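Dropping start-v8.pdb in here (PDB, C-alpha atoms, pLDDT in the B column):
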```
ATOM      1  CA  MET A   1       0.000   0.000   0.000  1.00 49.00           C
ATOM      2  CA  GLU A   2       2.807   2.402   0.903  1.00 51.00           C
ATOM      3  CA  LEU A   3       4.561   1.551  -2.367  1.00 51.00           C
ATOM      4  CA  LEU A   4       1.401   2.321  -4.309  1.00 50.00           C
ATOM      5  CA  GLN A   5       0.980   5.612  -2.520  1.00 63.00           C
ATOM      6  CA  SER A   6       4.595   6.509  -3.216  1.00 69.00           C
ATOM      7  CA  HIS A   7       4.066   5.722  -6.899  1.00 69.00           C
ATOM      8  CA  GLU A   8       0.947   7.864  -7.016  1.00 74.00           C
ATOM      9  CA  VAL A   9       2.734  10.748  -5.303  1.00 70.00           C
ATOM     10  CA  GLU A  10       5.556  10.548  -7.842  1.00 73.00           C
ATOM     11  CA  ALA A  11       3.047  10.492 -10.710  1.00 73.00           C
ATOM     12  CA  LEU A  12       1.275  13.517  -9.306  1.00 71.00           C
ATOM     13  CA  ARG A  13       4.590  15.306  -8.871  1.00 72.00           C
ATOM     14  CA  ASN A  14       5.525  14.608 -12.495  1.00 71.00           C
ATOM     15  CA  GLU A  15       2.105  15.759 -13.673  1.00 68.00           C
ATOM     16  CA  ASN A  16       2.471  18.936 -11.627  1.00 64.00           C
ATOM     17  CA  VAL A  17       5.867  19.667 -13.216  1.00 65.00           C
ATOM     18  CA  ARG A  18       4.380  19.086 -16.677  1.00 69.00           C
ATOM     19  CA  LEU A  19       1.476  21.437 -15.980  1.00 61.00           C
ATOM     20  CA  LEU A  20       3.790  24.110 -14.606  1.00 63.00           C
ATOM     21  CA  THR A  21       5.956  23.855 -17.722  1.00 64.00           C
ATOM     22  CA  GLU A  22       2.925  24.091 -20.001  1.00 61.00           C
ATOM     23  CA  ASN A  23       1.635  27.036 -17.988  1.00 56.00           C
ATOM     24  CA  GLY A  24       4.956  28.815 -18.390  1.00 57.00           C
ATOM     25  CA  GLU A  25       4.907  28.272 -22.157  1.00 58.00           C
ATOM     26  CA  LEU A  26       1.294  29.469 -22.378  1.00 53.00           C
ATOM     27  CA  ARG A  27       2.174  32.614 -20.433  1.00 57.00           C
ATOM     28  CA  LYS A  28       5.014  33.326 -22.864  1.00 54.00           C
ATOM     29  CA  MET A  29       2.623  32.889 -25.799  1.00 54.00           C
ATOM     30  CA  VAL A  30       0.033  35.146 -24.183  1.00 50.00           C
ATOM     31  CA  GLY A  31       2.723  37.743 -23.512  1.00 52.00           C
ATOM     32  CA  LEU A  32       3.810  37.691 -27.145  1.00 51.00           C
ATOM     33  CA  MET A  33       0.195  37.976 -28.296  1.00 54.00           C
ATOM     34  CA  GLN A  34      -0.327  40.944 -25.981  1.00 54.00           C
ATOM     35  CA  GLU A  35       2.822  42.636 -27.307  1.00 54.00           C
ATOM     36  CA  ASN A  36       1.685  42.029 -30.877  1.00 52.00           C
ATOM     37  CA  LEU A  37      -1.741  43.495 -30.128  1.00 53.00           C
ATOM     38  CA  GLU A  38      -0.213  46.493 -28.360  1.00 54.00           C
ATOM     39  CA  LEU A  39       2.149  47.082 -31.292  1.00 51.00           C
ATOM     40  CA  ARG A  40      -0.746  47.026 -33.747  1.00 54.00           C
ATOM     41  CA  CYS A  41      -2.754  49.427 -31.580  1.00 56.00           C
ATOM     42  CA  THR A  42       0.274  51.700 -31.213  1.00 53.00           C
ATOM     43  CA  LEU A  43       0.860  51.751 -34.957  1.00 51.00           C
ATOM     44  CA  ARG A  44      -2.802  52.610 -35.562  1.00 56.00           C
ATOM     45  CA  ASP A  45      -2.613  55.382 -32.965  1.00 55.00           C
ATOM     46  CA  HIS A  46       0.589  56.696 -34.523  1.00 49.00           C
ATOM     47  CA  GLU A  47      -0.944  56.750 -38.003  1.00 51.00           C
ATOM     48  CA  SER A  48      -3.896  58.669 -36.648  1.00 53.00           C
ATOM     49  CA  ARG A  49      -1.716  61.104 -34.707  1.00 50.00           C
ATOM     50  CA  VAL A  50       0.607  61.766 -37.639  1.00 46.00           C
ATOM     51  CA  ARG A  51      -2.331  63.074 -39.659  1.00 48.00           C
ATOM     52  CA  THR A  52      -2.984  65.775 -37.101  1.00 48.00           C
ATOM     53  CA  LEU A  53       0.307  66.113 -35.225  1.00 51.00           C
ATOM     54  CA  SER A  54       2.436  69.235 -35.616  1.00 52.00           C
ATOM     55  CA  PRO A  55       5.849  70.041 -34.150  1.00 56.00           C
ATOM     56  CA  PRO A  56       5.966  71.985 -30.845  1.00 56.00           C
ATOM     57  CA  GLY A  57       4.624  75.495 -31.313  1.00 52.00           C
ATOM     58  CA  LYS A  58       4.408  75.016 -35.082  1.00 50.00           C
ATOM     59  CA  GLU A  59       0.901  76.407 -35.439  1.00 46.00           C
ATOM     60  CA  HIS A  60       1.853  79.579 -33.580  1.00 43.00           C
ATOM     61  CA  LYS A  61       5.180  79.895 -35.385  1.00 47.00           C
ATOM     62  CA  ASP A  62       3.544  79.330 -38.775  1.00 49.00           C
ATOM     63  CA  LYS A  63       1.095  82.114 -38.087  1.00 43.00           C
ATOM     64  CA  GLU A  64       3.907  84.469 -37.129  1.00 45.00           C
ATOM     65  CA  ALA A  65       6.017  83.417 -40.093  1.00 45.00           C
ATOM     66  CA  HIS A  66       3.239  83.886 -42.655  1.00 44.00           C
ATOM     67  CA  CYS A  67       1.899  87.142 -41.279  1.00 44.00           C
ATOM     68  CA  GLY A  68       3.421  90.418 -40.163  1.00 46.00           C
ATOM     69  CA  LYS A  69       2.031  92.682 -37.480  1.00 45.00           C
ATOM     70  CA  ASP A  70      -0.660  93.857 -39.875  1.00 47.00           C
ATOM     71  CA  GLY A  71      -1.738  90.282 -40.622  1.00 44.00           C
ATOM     72  CA  LYS A  72      -0.337  90.318 -44.154  1.00 44.00           C
ATOM     73  CA  LYS A  73       1.732  87.487 -45.508  1.00 41.00           C
ATOM     74  CA  ASP A  74       5.458  87.776 -44.858  1.00 45.00           C
ATOM     75  CA  PRO A  75       7.503  86.820 -47.957  1.00 38.00           C
ATOM     76  CA  SER A  76      10.520  86.077 -45.749  1.00 39.00           C
ATOM     77  CA  HIS A  77       8.747  82.872 -44.677  1.00 41.00           C
ATOM     78  CA  ALA A  78      10.424  81.135 -47.606  1.00 39.00           C
ATOM     79  CA  SER A  79      13.673  81.178 -45.610  1.00 42.00           C
ATOM     80  CA  HIS A  80      12.141  78.686 -43.164  1.00 49.00           C
ATOM     81  CA  ALA A  81      12.381  75.871 -45.699  1.00 49.00           C
ATOM     82  CA  PRO A  82      15.460  73.604 -45.626  1.00 56.00           C
ATOM     83  CA  PRO A  83      18.109  74.124 -48.322  1.00 57.00           C
ATOM     84  CA  CYS A  84      17.391  72.500 -51.673  1.00 48.00           C
ATOM     85  CA  ARG A  85      19.451  69.353 -52.191  1.00 63.00           C
ATOM     86  CA  ASP A  86      19.403  65.986 -53.925  1.00 82.00           C
ATOM     87  CA  PRO A  87      16.127  64.202 -52.973  1.00 87.00           C
ATOM     88  CA  LYS A  88      17.889  60.990 -51.952  1.00 88.00           C
ATOM     89  CA  GLN A  89      20.379  62.866 -49.803  1.00 89.00           C
ATOM     90  CA  LEU A  90      17.577  64.902 -48.261  1.00 92.00           C
ATOM     91  CA  GLN A  91      15.655  61.737 -47.394  1.00 92.00           C
ATOM     92  CA  ARG A  92      18.797  60.229 -45.865  1.00 91.00           C
ATOM     93  CA  CYS A  93      19.290  63.295 -43.649  1.00 93.00           C
ATOM     94  CA  GLN A  94      15.628  63.241 -42.642  1.00 94.00           C
ATOM     95  CA  ARG A  95      15.868  59.571 -41.676  1.00 94.00           C
ATOM     96  CA  VAL A  96      18.905  60.397 -39.557  1.00 95.00           C
ATOM     97  CA  VAL A  97      16.789  62.981 -37.727  1.00 96.00           C
ATOM     98  CA  GLY A  98      14.141  60.323 -37.139  1.00 96.00           C
ATOM     99  CA  GLU A  99      16.867  57.988 -35.885  1.00 96.00           C
ATOM    100  CA  ILE A 100      18.067  60.631 -33.411  1.00 97.00           C
ATOM    101  CA  ALA A 101      14.557  60.872 -31.941  1.00 97.00           C
ATOM    102  CA  PHE A 102      14.197  57.072 -31.899  1.00 96.00           C
ATOM    103  CA  GLN A 103      17.571  56.504 -30.234  1.00 96.00           C
ATOM    104  CA  LEU A 104      16.802  59.070 -27.519  1.00 97.00           C
ATOM    105  CA  ASP A 105      13.459  57.436 -26.767  1.00 97.00           C
ATOM    106  CA  ARG A 106      15.073  53.975 -26.561  1.00 94.00           C
ATOM    107  CA  ARG A 107      17.736  55.375 -24.216  1.00 95.00           C
ATOM    108  CA  ILE A 108      15.104  56.844 -21.913  1.00 97.00           C
ATOM    109  CA  LEU A 109      12.888  53.750 -21.899  1.00 96.00           C
ATOM    110  CA  SER A 110      15.709  51.245 -21.368  1.00 94.00           C
ATOM    111  CA  SER A 111      16.877  53.223 -18.335  1.00 95.00           C
ATOM    112  CA  ILE A 112      13.412  52.957 -16.770  1.00 96.00           C
ATOM    113  CA  PHE A 113      12.390  49.411 -17.733  1.00 95.00           C
ATOM    114  CA  LEU A 114      15.586  47.589 -16.848  1.00 92.00           C
ATOM    115  CA  GLU A 115      13.728  44.297 -16.492  1.00 82.00           C
ATOM    116  CA  GLN A 116      12.060  44.502 -19.920  1.00 82.00           C
ATOM    117  CA  SER A 117      13.817  42.708 -22.781  1.00 75.00           C
ATOM    118  CA  ARG A 118      11.223  43.914 -25.291  1.00 82.00           C
ATOM    119  CA  LEU A 119       9.919  47.453 -25.584  1.00 87.00           C
ATOM    120  CA  TYR A 120       7.368  47.018 -28.368  1.00 85.00           C
ATOM    121  CA  GLY A 121       4.523  49.464 -27.843  1.00 88.00           C
ATOM    122  CA  PHE A 122       6.515  51.453 -25.267  1.00 93.00           C
ATOM    123  CA  THR A 123       6.933  55.179 -25.893  1.00 93.00           C
ATOM    124  CA  VAL A 124       8.062  57.990 -23.622  1.00 96.00           C
ATOM    125  CA  SER A 125       4.631  59.578 -23.997  1.00 93.00           C
ATOM    126  CA  ASN A 126       2.897  56.482 -22.559  1.00 94.00           C
ATOM    127  CA  VAL A 127       5.582  55.671 -19.983  1.00 95.00           C
ATOM    128  CA  GLN A 128       3.297  56.125 -16.952  1.00 95.00           C
ATOM    129  CA  GLU A 129       0.755  53.735 -18.412  1.00 95.00           C
ATOM    130  CA  LYS A 130       3.477  51.184 -19.129  1.00 95.00           C
ATOM    131  CA  ILE A 131       4.887  51.468 -15.607  1.00 96.00           C
ATOM    132  CA  ILE A 132       1.463  50.528 -14.239  1.00 96.00           C
ATOM    133  CA  GLN A 133       1.213  47.637 -16.694  1.00 94.00           C
ATOM    134  CA  ALA A 134       4.724  46.336 -16.030  1.00 93.00           C
ATOM    135  CA  THR A 135       4.228  46.313 -12.255  1.00 95.00           C
ATOM    136  CA  THR A 136       0.807  44.615 -12.249  1.00 96.00           C
ATOM    137  CA  CYS A 137       0.591  40.824 -12.349  1.00 94.00           C
ATOM    138  CA  PRO A 138      -1.725  39.856 -15.255  1.00 90.00           C
ATOM    139  CA  LEU A 139      -2.969  36.759 -13.414  1.00 91.00           C
ATOM    140  CA  ASN A 140      -4.177  38.262 -10.134  1.00 93.00           C
ATOM    141  CA  ASN A 141      -3.774  42.049 -10.670  1.00 93.00           C
ATOM    142  CA  LYS A 142      -1.416  42.210  -7.698  1.00 95.00           C
ATOM    143  CA  VAL A 143       0.773  45.316  -7.789  1.00 96.00           C
ATOM    144  CA  ASP A 144       4.478  45.200  -7.050  1.00 96.00           C
ATOM    145  CA  GLU A 145       4.610  48.505  -5.179  1.00 96.00           C
ATOM    146  CA  ALA A 146       8.383  48.434  -4.663  1.00 96.00           C
ATOM    147  CA  GLN A 147       9.052  47.901  -8.360  1.00 96.00           C
ATOM    148  CA  ARG A 148       6.539  50.584  -9.337  1.00 96.00           C
ATOM    149  CA  CYS A 149       8.122  53.053  -6.947  1.00 97.00           C
ATOM    150  CA  GLU A 150      11.582  52.274  -8.359  1.00 97.00           C
ATOM    151  CA  MET A 151      10.430  52.699 -11.973  1.00 97.00           C
ATOM    152  CA  ASN A 152       8.772  56.019 -11.162  1.00 97.00           C
ATOM    153  CA  ARG A 153      11.972  57.122  -9.435  1.00 97.00           C
ATOM    154  CA  ARG A 154      14.022  56.245 -12.518  1.00 97.00           C
ATOM    155  CA  TYR A 155      11.591  58.132 -14.747  1.00 97.00           C
ATOM    156  CA  GLN A 156      11.624  61.254 -12.568  1.00 97.00           C
ATOM    157  CA  ASP A 157      15.413  61.104 -12.325  1.00 97.00           C
ATOM    158  CA  MET A 158      15.731  60.875 -16.110  1.00 97.00           C
ATOM    159  CA  MET A 159      13.323  63.784 -16.670  1.00 97.00           C
ATOM    160  CA  CYS A 160      15.218  65.952 -14.167  1.00 97.00           C
ATOM    161  CA  ARG A 161      18.486  65.243 -15.977  1.00 96.00           C
ATOM    162  CA  LEU A 162      17.034  66.029 -19.397  1.00 97.00           C
ATOM    163  CA  LYS A 163      15.253  69.190 -18.248  1.00 97.00           C
ATOM    164  CA  LYS A 164      18.703  70.726 -17.736  1.00 95.00           C
ATOM    165  CA  TYR A 165      19.065  70.680 -21.519  1.00 95.00           C
ATOM    166  CA  GLY A 166      15.598  72.065 -22.213  1.00 97.00           C
ATOM    167  CA  TYR A 167      13.690  68.773 -22.559  1.00 98.00           C
ATOM    168  CA  ASP A 168       9.993  69.229 -21.769  1.00 97.00           C
ATOM    169  CA  PRO A 169       8.167  65.951 -20.917  1.00 96.00           C
ATOM    170  CA  ARG A 170       4.881  67.570 -21.976  1.00 95.00           C
ATOM    171  CA  VAL A 171       6.186  68.402 -25.460  1.00 96.00           C
ATOM    172  CA  HIS A 172       9.230  66.481 -26.627  1.00 97.00           C
ATOM    173  CA  PRO A 173       7.964  62.874 -26.295  1.00 97.00           C
ATOM    174  CA  ILE A 174       5.170  63.742 -28.750  1.00 96.00           C
ATOM    175  CA  PHE A 175       7.633  65.656 -30.909  1.00 97.00           C
ATOM    176  CA  SER A 176       9.904  62.589 -31.074  1.00 97.00           C
ATOM    177  CA  GLU A 177       6.962  60.483 -32.241  1.00 95.00           C
ATOM    178  CA  TYR A 178       6.215  63.123 -34.864  1.00 95.00           C
ATOM    179  CA  LEU A 179       9.782  62.938 -36.212  1.00 96.00           C
ATOM    180  CA  VAL A 180       9.877  59.133 -36.299  1.00 95.00           C
ATOM    181  CA  ASN A 181       6.499  58.841 -37.998  1.00 94.00           C
ATOM    182  CA  THR A 182       7.111  61.686 -40.437  1.00 94.00           C
ATOM    183  CA  TYR A 183      10.677  60.916 -41.510  1.00 94.00           C
ATOM    184  CA  GLY A 184      11.187  57.285 -40.485  1.00 93.00           C
ATOM    185  CA  ILE A 185      14.457  55.820 -39.171  1.00 93.00           C
ATOM    186  CA  MET A 186      17.584  54.349 -40.755  1.00 89.00           C
ATOM    187  CA  LYS A 187      16.666  51.160 -42.605  1.00 83.00           C
ATOM    188  CA  ASP A 188      20.124  49.581 -42.738  1.00 81.00           C
ATOM    189  CA  ARG A 189      22.911  49.561 -40.202  1.00 79.00           C
ATOM    190  CA  PRO A 190      26.196  51.010 -41.482  1.00 79.00           C
ATOM    191  CA  LEU A 191      28.966  48.496 -42.040  1.00 79.00           C
ATOM    192  CA  PRO A 192      31.398  48.088 -39.111  1.00 80.00           C
ATOM    193  CA  GLY A 193      34.446  50.306 -39.565  1.00 75.00           C
ATOM    194  CA  SER A 194      32.814  52.342 -42.330  1.00 82.00           C
ATOM    195  CA  GLY A 195      33.004  56.121 -42.568  1.00 78.00           C
ATOM    196  CA  GLU A 196      29.213  56.261 -42.363  1.00 81.00           C
ATOM    197  CA  LEU A 197      29.239  54.492 -39.003  1.00 82.00           C
ATOM    198  CA  ALA A 198      31.927  56.881 -37.736  1.00 85.00           C
ATOM    199  CA  SER A 199      29.858  59.890 -38.841  1.00 86.00           C
ATOM    200  CA  PHE A 200      26.935  58.703 -36.717  1.00 87.00           C
ATOM    201  CA  SER A 201      29.184  58.967 -33.660  1.00 89.00           C
ATOM    202  CA  ASP A 202      30.061  62.588 -34.412  1.00 93.00           C
ATOM    203  CA  PRO A 203      27.529  65.091 -32.983  1.00 95.00           C
ATOM    204  CA  GLU A 204      28.747  67.851 -35.305  1.00 95.00           C
ATOM    205  CA  VAL A 205      28.081  65.744 -38.392  1.00 95.00           C
ATOM    206  CA  LEU A 206      24.588  64.958 -37.103  1.00 96.00           C
ATOM    207  CA  ARG A 207      23.917  68.636 -36.354  1.00 96.00           C
ATOM    208  CA  LYS A 208      24.930  69.560 -39.889  1.00 94.00           C
ATOM    209  CA  MET A 209      22.660  66.888 -41.370  1.00 94.00           C
ATOM    210  CA  ALA A 210      19.759  68.081 -39.235  1.00 95.00           C
ATOM    211  CA  SER A 211      20.285  71.722 -40.221  1.00 94.00           C
ATOM    212  CA  GLU A 212      20.274  70.770 -43.896  1.00 92.00           C
ATOM    213  CA  ALA A 213      17.132  68.646 -43.651  1.00 92.00           C
ATOM    214  CA  MET A 214      14.860  70.435 -41.173  1.00 94.00           C
ATOM    215  CA  PRO A 215      12.822  73.663 -41.489  1.00 92.00           C
ATOM    216  CA  ALA A 216      14.059  76.451 -39.212  1.00 90.00           C
ATOM    217  CA  ASP A 217      10.954  76.339 -36.983  1.00 90.00           C
ATOM    218  CA  VAL A 218      11.616  72.650 -36.192  1.00 94.00           C
ATOM    219  CA  LEU A 219      15.405  72.655 -36.125  1.00 96.00           C
ATOM    220  CA  LYS A 220      15.760  74.100 -32.609  1.00 96.00           C
ATOM    221  CA  ASP A 221      13.838  71.212 -31.037  1.00 97.00           C
ATOM    222  CA  VAL A 222      15.688  68.639 -33.164  1.00 97.00           C
ATOM    223  CA  GLN A 223      19.006  70.043 -31.945  1.00 97.00           C
ATOM    224  CA  LEU A 224      17.678  69.869 -28.387  1.00 98.00           C
ATOM    225  CA  LEU A 225      16.911  66.151 -28.776  1.00 98.00           C
ATOM    226  CA  LEU A 226      20.390  65.581 -30.183  1.00 98.00           C
ATOM    227  CA  ASN A 227      21.970  67.436 -27.249  1.00 97.00           C
ATOM    228  CA  CYS A 228      20.049  65.193 -24.839  1.00 98.00           C
ATOM    229  CA  LEU A 229      21.190  62.076 -26.709  1.00 98.00           C
ATOM    230  CA  VAL A 230      24.803  63.256 -26.631  1.00 97.00           C
ATOM    231  CA  GLN A 231      24.648  63.803 -22.867  1.00 96.00           C
ATOM    232  CA  LEU A 232      23.124  60.375 -22.188  1.00 96.00           C
ATOM    233  CA  ALA A 233      25.770  58.754 -24.393  1.00 95.00           C
ATOM    234  CA  LYS A 234      28.486  60.500 -22.379  1.00 95.00           C
ATOM    235  CA  GLU A 235      26.937  59.202 -19.158  1.00 93.00           C
ATOM    236  CA  ASP A 236      26.634  55.557 -20.210  1.00 91.00           C
ATOM    237  CA  GLY A 237      29.780  55.482 -22.352  1.00 92.00           C
ATOM    238  CA  LYS A 238      27.999  53.968 -25.352  1.00 91.00           C
ATOM    239  CA  PRO A 239      27.854  55.173 -28.983  1.00 91.00           C
ATOM    240  CA  LEU A 240      25.211  57.759 -29.907  1.00 92.00           C
ATOM    241  CA  PHE A 241      23.406  55.196 -32.058  1.00 93.00           C
ATOM    242  CA  ILE A 242      23.042  51.792 -30.436  1.00 88.00           C
ATOM    243  CA  TRP A 243      22.323  49.347 -33.249  1.00 76.00           C
TER     244      TRP A 243
END
```

The structure in this file should be written as structure tokens.
Amino acid sequence: MELLQSHEVEALRNENVRLLTENGELRKMVGLMQENLELRCTLRDHESRVRTLSPPGKEHKDKEAHCGKDGKKDPSHASHAPPCRDPKQLQRCQRVVGEIAFQLDRRILSSIFLEQSRLYGFTVSNVQEKIIQATTCPLNNKVDEAQRCEMNRRYQDMMCRLKKYGYDPRVHPIFSEYLVNTYGIMKDRPLPGSGELASFSDPEVLRKMASEAMPADVLKDVQLLLNCLVQLAKEDGKPLFIW
């Protein structure tokens, strides 16, 4: 009888291990499905926002640029357009600007969500929402208060550091999304050891590319994002663009 009971206990133990393993795999699959759904929702939101989104202060600046004090159109507004250049080169410079915004966002997010290996659907503009999500157990809705407090501390610390360089958390996260969605990001990584790769580590080269690709009323905020990226790269000792 004792032998039979021991056998049954062992069988139950093996079945329990199997169920736990299956449960772990199912949770991974559910997590991937959730990420995929969030990514699709984010892309839809981005497409909708791009149709209506304008750079910081653009509406006010456009009004000032087009009109003088008497409300008449100002012909000097033409100087706000970027210099004429080869279309392919212009697109390349614009994608570099989008990459600057993307790289800064990734830097900010990875410093907050240290435990996250994937950041699909995460943006700086929805960081508070993602902190709540990341610190809430999906099975029982239990909140990890210590982890949430730590993530909020990291976020506030990052914002305080960036504010020294003019970064406004009410404006520039949306502006970064605008740049990425309007101009895209670099499609291909430069070859190791190439001159192109070296140029992406030179802030002055990036500033020149931005000045040649961006309208004057947007350029100031683009340069601000680049300055923030340069400072974070100095702090963590990594290249400006982390591929």

Exercise. Output the residue selection produced by the PyMOL selection byres ((chain A and resi 210) around 9) on the file above, formatted as an MDAnalysis selection string.
Key: chainID A and resid 93:94 96:97 205:209 211:214 219 222:223

Exercise. Would you mind listing what lies within 8 Å of Thr182 of chain A as number ranges by chain, with only C-alpha atoms counted and same-chain residues fewer than 2 positions away left out?
Key: A: 50, 98, 178-180, 184

Quiz prompt | Atom-to-atom span, atom CA of Ala198 of chain A and atom CA of Gly237 of chain A, Å | solution =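 Interatomic distance, atom CA of Ala198 of chain A to atom CA of Gly237 of chain A: 15.6 Å.
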
Which residues are close to Lys220 of chain A, i.e. within 12 Å by all atoms listed in the file, leaving aside same-chain residues fewer than 3 positions away? Reply as a compact mmCIF listing (two decimals) with C-alpha atoms, in the coordinates of the input.
```txt
# COMPACT_ATOMS: atom_id res chain seq x y z
CA PRO A 55 5.85 70.04 -34.15
CA PRO A 56 5.97 71.98 -30.84
CA GLY A 57 4.62 75.50 -31.31
CA LYS A 58 4.41 75.02 -35.08
CA GLY A 166 15.60 72.06 -22.21
CA TYR A 167 13.69 68.77 -22.56
CA HIS A 172 9.23 66.48 -26.63
CA PHE A 175 7.63 65.66 -30.91
CA ARG A 207 23.92 68.64 -36.35
CA ALA A 210 19.76 68.08 -39.24
CA SER A 211 20.28 71.72 -40.22
CA MET A 214 14.86 70.44 -41.17
CA PRO A 215 12.82 73.66 -41.49
CA ALA A 216 14.06 76.45 -39.21
CA ASP A 217 10.95 76.34 -36.98
CA GLN A 223 19.01 70.04 -31.94
CA LEU A 224 17.68 69.87 -28.39
CA LEU A 225 16.91 66.15 -28.78
CA LEU A 226 20.39 65.58 -30.18
CA ASN A 227 21.97 67.44 -27.25
```

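Atom CA of Gln231 of chain A to atom CA of Asn126 of chain A spans 23.0 Å [interatomic distance, one decimal].
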
Self-check item: Spatial neighbours of segment 159-165 of chain A, 12 Å, only C-alpha atoms, chain gap at least 5 places, as JSON, numbers by chain
Solution: {"A": [104, 105, 107, 108, 109, 111, 112, 124, 127, 152, 153, 154, 170, 171, 172, 173, 221, 223, 224, 225, 226, 227, 228, 229, 230, 231, 232, 235]}

Suppose we keep C-alpha atoms; can you now write the selection as a short mmCIF file (atom, residue, chain, number, x, y, z; two decimals), keeping the file's coordinate frame?
```cif
data_model
loop_
_atom_site.label_atom_id
_atom_site.label_comp_id
_atom_site.auth_asym_id
_atom_site.auth_seq_id
_atom_site.Cartn_x
_atom_site.Cartn_y
_atom_site.Cartn_z
CA LEU A 104 16.80 59.07 -27.52
CA ASP A 105 13.46 57.44 -26.77
CA ARG A 107 17.74 55.38 -24.22
CA ILE A 108 15.10 56.84 -21.91
CA LEU A 109 12.89 53.75 -21.90
CA SER A 111 16.88 53.22 -18.34
CA ILE A 112 13.41 52.96 -16.77
CA VAL A 124 8.06 57.99 -23.62
CA VAL A 127 5.58 55.67 -19.98
CA ASN A 152 8.77 56.02 -11.16
CA ARG A 153 11.97 57.12 -9.44
CA ARG A 154 14.02 56.24 -12.52
CA ARG A 170 4.88 67.57 -21.98
CA VAL A 171 6.19 68.40 -25.46
CA HIS A 172 9.23 66.48 -26.63
CA PRO A 173 7.96 62.87 -26.30
CA ASP A 221 13.84 71.21 -31.04
CA GLN A 223 19.01 70.04 -31.94
CA LEU A 224 17.68 69.87 -28.39
CA LEU A 225 16.91 66.15 -28.78
CA LEU A 226 20.39 65.58 -30.18
CA ASN A 227 21.97 67.44 -27.25
CA CYS A 228 20.05 65.19 -24.84
CA LEU A 229 21.19 62.08 -26.71
CA VAL A 230 24.80 63.26 -26.63
CA GLN A 231 24.65 63.80 -22.87
CA LEU A 232 23.12 60.38 -22.19
CA GLU A 235 26.94 59.20 -19.16
#
```

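Straight-line separation from atom CA of Cys149 of chain A to atom CA of Phe122 of chain A: 18.5 Å.
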
Answer key for the PyMOL selection byres ((chain A and resi 197) around 12), residues as a PDB file with C-alpha atoms, keeping the file's coordinate frame:
```pdb
ATOM      1  CA  VAL A  96      18.905  60.397 -39.557  1.00 95.00           C
ATOM      2  CA  MET A 186      17.584  54.349 -40.755  1.00 89.00           C
ATOM      3  CA  ASP A 188      20.124  49.581 -42.738  1.00 81.00           C
ATOM      4  CA  ARG A 189      22.911  49.561 -40.202  1.00 79.00           C
ATOM      5  CA  PRO A 190      26.196  51.010 -41.482  1.00 79.00           C
ATOM      6  CA  LEU A 191      28.966  48.496 -42.040  1.00 79.00           C
ATOM      7  CA  PRO A 192      31.398  48.088 -39.111  1.00 80.00           C
ATOM      8  CA  GLY A 193      34.446  50.306 -39.565  1.00 75.00           C
ATOM      9  CA  SER A 194      32.814  52.342 -42.330  1.00 82.00           C
ATOM     10  CA  GLY A 195      33.004  56.121 -42.568  1.00 78.00           C
ATOM     11  CA  GLU A 196      29.213  56.261 -42.363  1.00 81.00           C
ATOM     12  CA  ALA A 198      31.927  56.881 -37.736  1.00 85.00           C
ATOM     13  CA  SER A 199      29.858  59.890 -38.841  1.00 86.00           C
ATOM     14  CA  PHE A 200      26.935  58.703 -36.717  1.00 87.00           C
ATOM     15  CA  SER A 201      29.184  58.967 -33.660  1.00 89.00           C
ATOM     16  CA  ASP A 202      30.061  62.588 -34.412  1.00 93.00           C
ATOM     17  CA  VAL A 205      28.081  65.744 -38.392  1.00 95.00           C
ATOM     18  CA  LEU A 206      24.588  64.958 -37.103  1.00 96.00           C
ATOM     19  CA  PRO A 239      27.854  55.173 -28.983  1.00 91.00           C
ATOM     20  CA  LEU A 240      25.211  57.759 -29.907  1.00 92.00           C
ATOM     21  CA  PHE A 241      23.406  55.196 -32.058  1.00 93.00           C
ATOM     22  CA  ILE A 242      23.042  51.792 -30.436  1.00 88.00           C
ATOM     23  CA  TRP A 243      22.323  49.347 -33.249  1.00 76.00           C
TER      24      TRP A 243
END
```

Quiz prompt | Nearest-residue call for Lys238 of chain A, choices A:Gln103, A:Pro138, A:Tyr120, A:Asp168, using all atoms listed in the file | solution = A:Gln103

Quiz prompt | Nearest-residue call for Lys234 of chain A, choices A:Pro203, A:Asn141, A:Lys130, A:Arg106, using only C-alpha atoms | solution = A:Pro203
